[in-house]
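What follows is the content of final-v3.pdb, which has PDB, C-alpha atoms, pLDDT in the B column:
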ATOM      1  CA  MET A   1       8.577  68.281  48.630  1.00 55.00           C
ATOM      2  CA  THR A   2       9.220  69.669  52.114  1.00 60.00           C
ATOM      3  CA  LEU A   3       6.594  72.378  51.667  1.00 63.00           C
ATOM      4  CA  ALA A   4       4.104  69.812  50.349  1.00 60.00           C
ATOM      5  CA  VAL A   5       4.583  67.583  53.380  1.00 59.00           C
ATOM      6  CA  LEU A   6       4.407  70.526  55.767  1.00 60.00           C
ATOM      7  CA  ALA A   7       1.079  71.499  54.221  1.00 63.00           C
ATOM      8  CA  LYS A   8      -0.585  68.312  55.496  1.00 64.00           C
ATOM      9  CA  GLU A   9      -1.041  66.428  58.731  1.00 62.00           C
ATOM     10  CA  THR A  10       1.923  64.252  57.801  1.00 62.00           C
ATOM     11  CA  ALA A  11       4.148  67.122  58.942  1.00 64.00           C
ATOM     12  CA  LEU A  12       3.418  65.898  62.481  1.00 63.00           C
ATOM     13  CA  VAL A  13       5.869  63.032  61.920  1.00 66.00           C
ATOM     14  CA  LEU A  14       8.750  65.482  61.426  1.00 66.00           C
ATOM     15  CA  PRO A  15       9.809  65.306  65.101  1.00 69.00           C
ATOM     16  CA  VAL A  16      10.003  61.508  64.831  1.00 70.00           C
ATOM     17  CA  LEU A  17      12.207  61.760  61.759  1.00 70.00           C
ATOM     18  CA  LEU A  18      14.390  64.258  63.572  1.00 68.00           C
ATOM     19  CA  LEU A  19      14.640  61.864  66.513  1.00 69.00           C
ATOM     20  CA  TRP A  20      15.631  59.132  64.052  1.00 71.00           C
ATOM     21  CA  GLU A  21      18.363  61.391  62.713  1.00 68.00           C
ATOM     22  CA  THR A  22      19.693  62.092  66.192  1.00 66.00           C
ATOM     23  CA  THR A  23      20.020  58.413  67.099  1.00 68.00           C
ATOM     24  CA  ARG A  24      21.825  57.190  63.995  1.00 68.00           C
ATOM     25  CA  ARG A  25      24.944  55.160  64.573  1.00 67.00           C
ATOM     26  CA  PRO A  26      27.551  56.264  65.350  1.00 71.00           C
ATOM     27  CA  ILE A  27      25.868  58.588  67.814  1.00 69.00           C
ATOM     28  CA  ALA A  28      27.179  62.066  67.178  1.00 73.00           C
ATOM     29  CA  PRO A  29      28.132  64.569  69.839  1.00 79.00           C
ATOM     30  CA  PRO A  30      25.260  66.827  70.973  1.00 77.00           C
ATOM     31  CA  ARG A  31      26.622  69.804  69.022  1.00 85.00           C
ATOM     32  CA  GLU A  32      26.599  67.774  65.771  1.00 81.00           C
ATOM     33  CA  ILE A  33      23.067  66.511  66.462  1.00 75.00           C
ATOM     34  CA  LEU A  34      21.907  70.081  67.007  1.00 79.00           C
ATOM     35  CA  ARG A  35      23.607  71.133  63.776  1.00 84.00           C
ATOM     36  CA  ARG A  36      21.787  68.374  61.891  1.00 78.00           C
ATOM     37  CA  VAL A  37      18.271  68.931  63.204  1.00 78.00           C
ATOM     38  CA  ALA A  38      18.118  72.642  64.068  1.00 83.00           C
ATOM     39  CA  PRO A  39      17.453  73.916  60.520  1.00 85.00           C
ATOM     40  CA  ALA A  40      14.598  71.478  59.854  1.00 78.00           C
ATOM     41  CA  THR A  41      13.094  72.014  63.295  1.00 79.00           C
ATOM     42  CA  ALA A  42      13.239  75.799  63.037  1.00 85.00           C
ATOM     43  CA  THR A  43      11.791  75.697  59.519  1.00 84.00           C
ATOM     44  CA  ALA A  44       8.927  73.456  60.602  1.00 78.00           C
ATOM     45  CA  PHE A  45       8.013  75.685  63.528  1.00 82.00           C
ATOM     46  CA  LEU A  46       8.315  78.845  61.448  1.00 87.00           C
ATOM     47  CA  LEU A  47       6.166  77.470  58.621  1.00 83.00           C
ATOM     48  CA  THR A  48       3.578  76.233  61.115  1.00 81.00           C
ATOM     49  CA  ALA A  49       3.399  79.635  62.784  1.00 86.00           C
ATOM     50  CA  VAL A  50       3.160  81.428  59.428  1.00 89.00           C
ATOM     51  CA  ALA A  51       0.431  79.056  58.247  1.00 86.00           C
ATOM     52  CA  ILE A  52      -1.632  79.588  61.396  1.00 86.00           C
ATOM     53  CA  VAL A  53      -1.165  83.366  61.406  1.00 91.00           C
ATOM     54  CA  THR A  54      -1.946  83.818  57.712  1.00 92.00           C
ATOM     55  CA  SER A  55      -4.798  81.338  57.353  1.00 90.00           C
ATOM     56  CA  SER A  56      -8.114  82.178  58.936  1.00 91.00           C
ATOM     57  CA  ARG A  57      -9.299  78.681  57.989  1.00 91.00           C
ATOM     58  CA  LEU A  58      -6.486  77.028  59.956  1.00 86.00           C
ATOM     59  CA  ARG A  59      -7.239  79.226  62.967  1.00 89.00           C
ATOM     60  CA  GLU A  60     -10.919  78.306  62.639  1.00 92.00           C
ATOM     61  CA  LEU A  61     -10.103  74.579  62.484  1.00 87.00           C
ATOM     62  CA  LEU A  62      -7.754  74.844  65.456  1.00 87.00           C
ATOM     63  CA  ALA A  63     -10.398  76.706  67.500  1.00 90.00           C
ATOM     64  CA  TYR A  64     -13.038  74.122  66.512  1.00 90.00           C
ATOM     65  CA  SER A  65     -10.738  71.265  67.514  1.00 86.00           C
ATOM     66  CA  LEU A  66     -10.002  72.817  70.890  1.00 88.00           C
ATOM     67  CA  ALA A  67     -13.732  73.490  71.433  1.00 90.00           C
ATOM     68  CA  LEU A  68     -14.518  69.822  70.719  1.00 88.00           C
ATOM     69  CA  SER A  69     -12.193  68.576  73.416  1.00 86.00           C
ATOM     70  CA  SER A  70      -9.181  69.676  75.371  1.00 87.00           C
ATOM     71  CA  PRO A  71      -5.762  68.399  74.295  1.00 84.00           C
ATOM     72  CA  GLY A  72      -5.695  66.083  77.326  1.00 82.00           C
ATOM     73  CA  ASP A  73      -9.107  64.594  76.536  1.00 83.00           C
ATOM     74  CA  ALA A  74      -8.209  64.146  72.870  1.00 80.00           C
ATOM     75  CA  LEU A  75      -4.945  62.430  73.826  1.00 77.00           C
ATOM     76  CA  ALA A  76      -6.767  60.090  76.236  1.00 77.00           C
ATOM     77  CA  THR A  77      -9.335  59.145  73.584  1.00 76.00           C
ATOM     78  CA  ASN A  78      -6.653  58.565  70.969  1.00 75.00           C
ATOM     79  CA  ALA A  79      -4.546  56.524  73.384  1.00 74.00           C
ATOM     80  CA  ALA A  80      -7.581  54.331  74.057  1.00 74.00           C
ATOM     81  CA  ALA A  81      -8.037  53.881  70.286  1.00 75.00           C
ATOM     82  CA  LEU A  82      -4.372  52.987  69.720  1.00 74.00           C
ATOM     83  CA  PRO A  83      -4.747  49.242  70.418  1.00 73.00           C
ATOM     84  CA  ILE A  84      -7.435  48.835  67.766  1.00 74.00           C
ATOM     85  CA  SER A  85      -5.380  50.905  65.307  1.00 75.00           C
ATOM     86  CA  LEU A  86      -2.345  48.694  65.894  1.00 73.00           C
ATOM     87  CA  THR A  87      -4.303  45.456  65.502  1.00 73.00           C
ATOM     88  CA  LEU A  88      -5.512  46.579  62.064  1.00 74.00           C
ATOM     89  CA  TRP A  89      -2.024  45.655  60.806  1.00 72.00           C
ATOM     90  CA  TRP A  90      -2.974  41.993  60.938  1.00 72.00           C
ATOM     91  CA  ARG A  91      -6.740  42.525  60.502  1.00 75.00           C
ATOM     92  CA  PRO A  92      -6.949  44.608  57.296  1.00 77.00           C
ATOM     93  CA  TRP A  93     -10.476  43.313  56.639  1.00 80.00           C
ATOM     94  CA  ALA A  94     -11.568  45.298  59.719  1.00 76.00           C
ATOM     95  CA  LEU A  95     -10.540  48.634  58.222  1.00 74.00           C
ATOM     96  CA  SER A  96     -13.406  51.077  58.272  1.00 72.00           C
ATOM     97  CA  VAL A  97     -13.933  54.790  57.831  1.00 69.00           C
ATOM     98  CA  GLU A  98     -15.770  54.828  61.150  1.00 70.00           C
ATOM     99  CA  GLN A  99     -14.232  52.733  63.899  1.00 62.00           C
ATOM    100  CA  PRO A 100     -16.303  51.571  66.891  1.00 61.00           C
ATOM    101  CA  HIS A 101     -16.305  53.681  70.038  1.00 61.00           C
ATOM    102  CA  VAL A 102     -15.478  50.682  72.222  1.00 62.00           C
ATOM    103  CA  PHE A 103     -11.713  50.498  71.924  1.00 58.00           C
ATOM    104  CA  THR A 104     -10.599  48.440  74.850  1.00 60.00           C
ATOM    105  CA  THR A 105     -11.583  44.819  74.513  1.00 65.00           C
ATOM    106  CA  ALA A 106      -9.167  42.447  76.210  1.00 69.00           C
ATOM    107  CA  ASP A 107      -8.281  40.714  72.919  1.00 68.00           C
ATOM    108  CA  THR A 108      -7.574  44.012  71.194  1.00 66.00           C
ATOM    109  CA  ILE A 109      -5.383  45.322  73.987  1.00 69.00           C
ATOM    110  CA  SER A 110      -3.413  42.081  74.408  1.00 74.00           C
ATOM    111  CA  GLY A 111      -2.958  41.707  70.652  1.00 70.00           C
ATOM    112  CA  ALA A 112      -1.787  45.300  70.288  1.00 71.00           C
ATOM    113  CA  ILE A 113       0.648  44.973  73.189  1.00 76.00           C
ATOM    114  CA  LEU A 114       2.030  41.733  71.753  1.00 80.00           C
ATOM    115  CA  LEU A 115       2.427  43.246  68.280  1.00 77.00           C
ATOM    116  CA  LEU A 116       4.018  46.400  69.654  1.00 79.00           C
ATOM    117  CA  ALA A 117       6.431  44.354  71.785  1.00 85.00           C
ATOM    118  CA  MET A 118       7.421  42.243  68.764  1.00 85.00           C
ATOM    119  CA  VAL A 119       7.982  45.302  66.563  1.00 82.00           C
ATOM    120  CA  LEU A 120       9.972  47.144  69.232  1.00 84.00           C
ATOM    121  CA  GLY A 121      12.019  44.015  69.987  1.00 88.00           C
ATOM    122  CA  ALA A 122      12.869  43.558  66.316  1.00 87.00           C
ATOM    123  CA  ALA A 123      13.648  47.259  65.986  1.00 84.00           C
ATOM    124  CA  THR A 124      15.981  47.157  68.965  1.00 85.00           C
ATOM    125  CA  ALA A 125      17.771  44.052  67.669  1.00 87.00           C
ATOM    126  CA  LEU A 126      18.200  45.410  64.131  1.00 85.00           C
ATOM    127  CA  ARG A 127      18.875  49.095  64.902  1.00 79.00           C
ATOM    128  CA  ALA A 128      22.624  49.025  64.349  1.00 77.00           C
ATOM    129  CA  ARG A 129      22.709  46.491  61.495  1.00 81.00           C
ATOM    130  CA  ALA A 130      19.668  47.422  59.410  1.00 82.00           C
ATOM    131  CA  PRO A 131      18.411  50.921  60.141  1.00 80.00           C
ATOM    132  CA  ALA A 132      16.271  51.027  56.975  1.00 81.00           C
ATOM    133  CA  VAL A 133      14.449  47.847  58.059  1.00 83.00           C
ATOM    134  CA  VAL A 134      13.871  49.367  61.494  1.00 83.00           C
ATOM    135  CA  LEU A 135      12.462  52.518  59.920  1.00 81.00           C
ATOM    136  CA  ALA A 136      10.118  50.360  57.823  1.00 79.00           C
ATOM    137  CA  LEU A 137       9.000  48.455  60.932  1.00 79.00           C
ATOM    138  CA  LEU A 138       8.351  51.623  62.920  1.00 81.00           C
ATOM    139  CA  TRP A 139       6.791  53.652  60.118  1.00 78.00           C
ATOM    140  CA  PRO A 140       3.222  52.371  60.713  1.00 75.00           C
ATOM    141  CA  ILE A 141       3.472  53.648  64.284  1.00 75.00           C
ATOM    142  CA  VAL A 142       4.814  56.977  63.056  1.00 74.00           C
ATOM    143  CA  ALA A 143       2.027  57.136  60.471  1.00 73.00           C
ATOM    144  CA  LEU A 144      -0.543  56.964  63.286  1.00 74.00           C
ATOM    145  CA  LEU A 145       0.768  60.148  64.896  1.00 70.00           C
ATOM    146  CA  PRO A 146      -1.329  62.587  62.842  1.00 68.00           C
ATOM    147  CA  THR A 147      -4.546  60.796  63.809  1.00 70.00           C
ATOM    148  CA  HIS A 148      -3.552  60.012  67.397  1.00 69.00           C
ATOM    149  CA  SER A 149      -2.505  63.466  68.542  1.00 70.00           C
ATOM    150  CA  VAL A 150      -3.626  66.016  71.105  1.00 70.00           C
ATOM    151  CA  PHE A 151      -6.056  67.622  68.649  1.00 70.00           C
ATOM    152  CA  ALA A 152      -9.569  66.316  68.051  1.00 67.00           C
TER     153      ALA A 152
END

Could you write out this structure as structure tokens?
Amino acid sequence: MTLAVLAKETALVLPVLLLWETTRRPIAPPREILRRVAPATATAFLLTAVAIVTSSRLRELLAYSLALSSPGDALATNAAALPISLTLWWRPWALSVEQPHVFTTADTISGAILLLAMVLGAATALRARAPAVVLALLWPIVALLPTHSVFA
């Protein structure tokens, strides 16, 4: 299962899951946190490096992505698109394969900020008592990471 996940864009959420592991209650000492996450982190980086080195197609895709836009430009574009992506949670009828290029309407931004504030507030309040509920609340944000990254 780990290899299957690492073979797709969903592997980009691994750092978030590792962060989740490091903040579980009770908070462990730094040495214990490192012991928990070091093997998965090292494996992810090693498998990523091996995949890039051994796959000419991955190198080609990475070069194409970087030629399309720099990591900073891609991150800025994806950050601008984040409000519309977040508002799709309560507007599923607006889902589309091709989203509009105008991302920053006032309604979209205010709705996304309100939704994000509500989710983060609930997550903060429930973190100690219901960590599985918090993970479920935050998972849609984590799921956006592969499409809202530094690569075009």

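You can rank A:Val16, A:Leu144, A:Ala125, A:Leu116 by their closest distance to Ala81 (chain A) using all atoms listed in the file, and at the top of that list sits A:Leu144.
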
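Taking all atoms listed in the file into account, Glu98 (chain A) lies nearest to A:Ser85 out of the set A:Ser149, A:Tyr64, A:Pro29, A:Ser85.
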
Exercise for the section: Just give me the gap between CA of Leu62 (chain A) and CA of Val150 (chain A) in Å, one decimal is fine. Expected result: 11.3 Å

Handout entry: Protein/DNA/RNA residues near (9.8, 50.2, 68.2), cut 12 Å, only C-alpha atoms, as a ChimeraX atom specification
Key = /A:16,20,113,115-127,131,133-142

Problem - For Leu86 (chain A), the nearest of the candidates A:Leu68, A:Leu114, A:Ala38, A:Leu61, counting only C-alpha atoms - result: A:Leu114
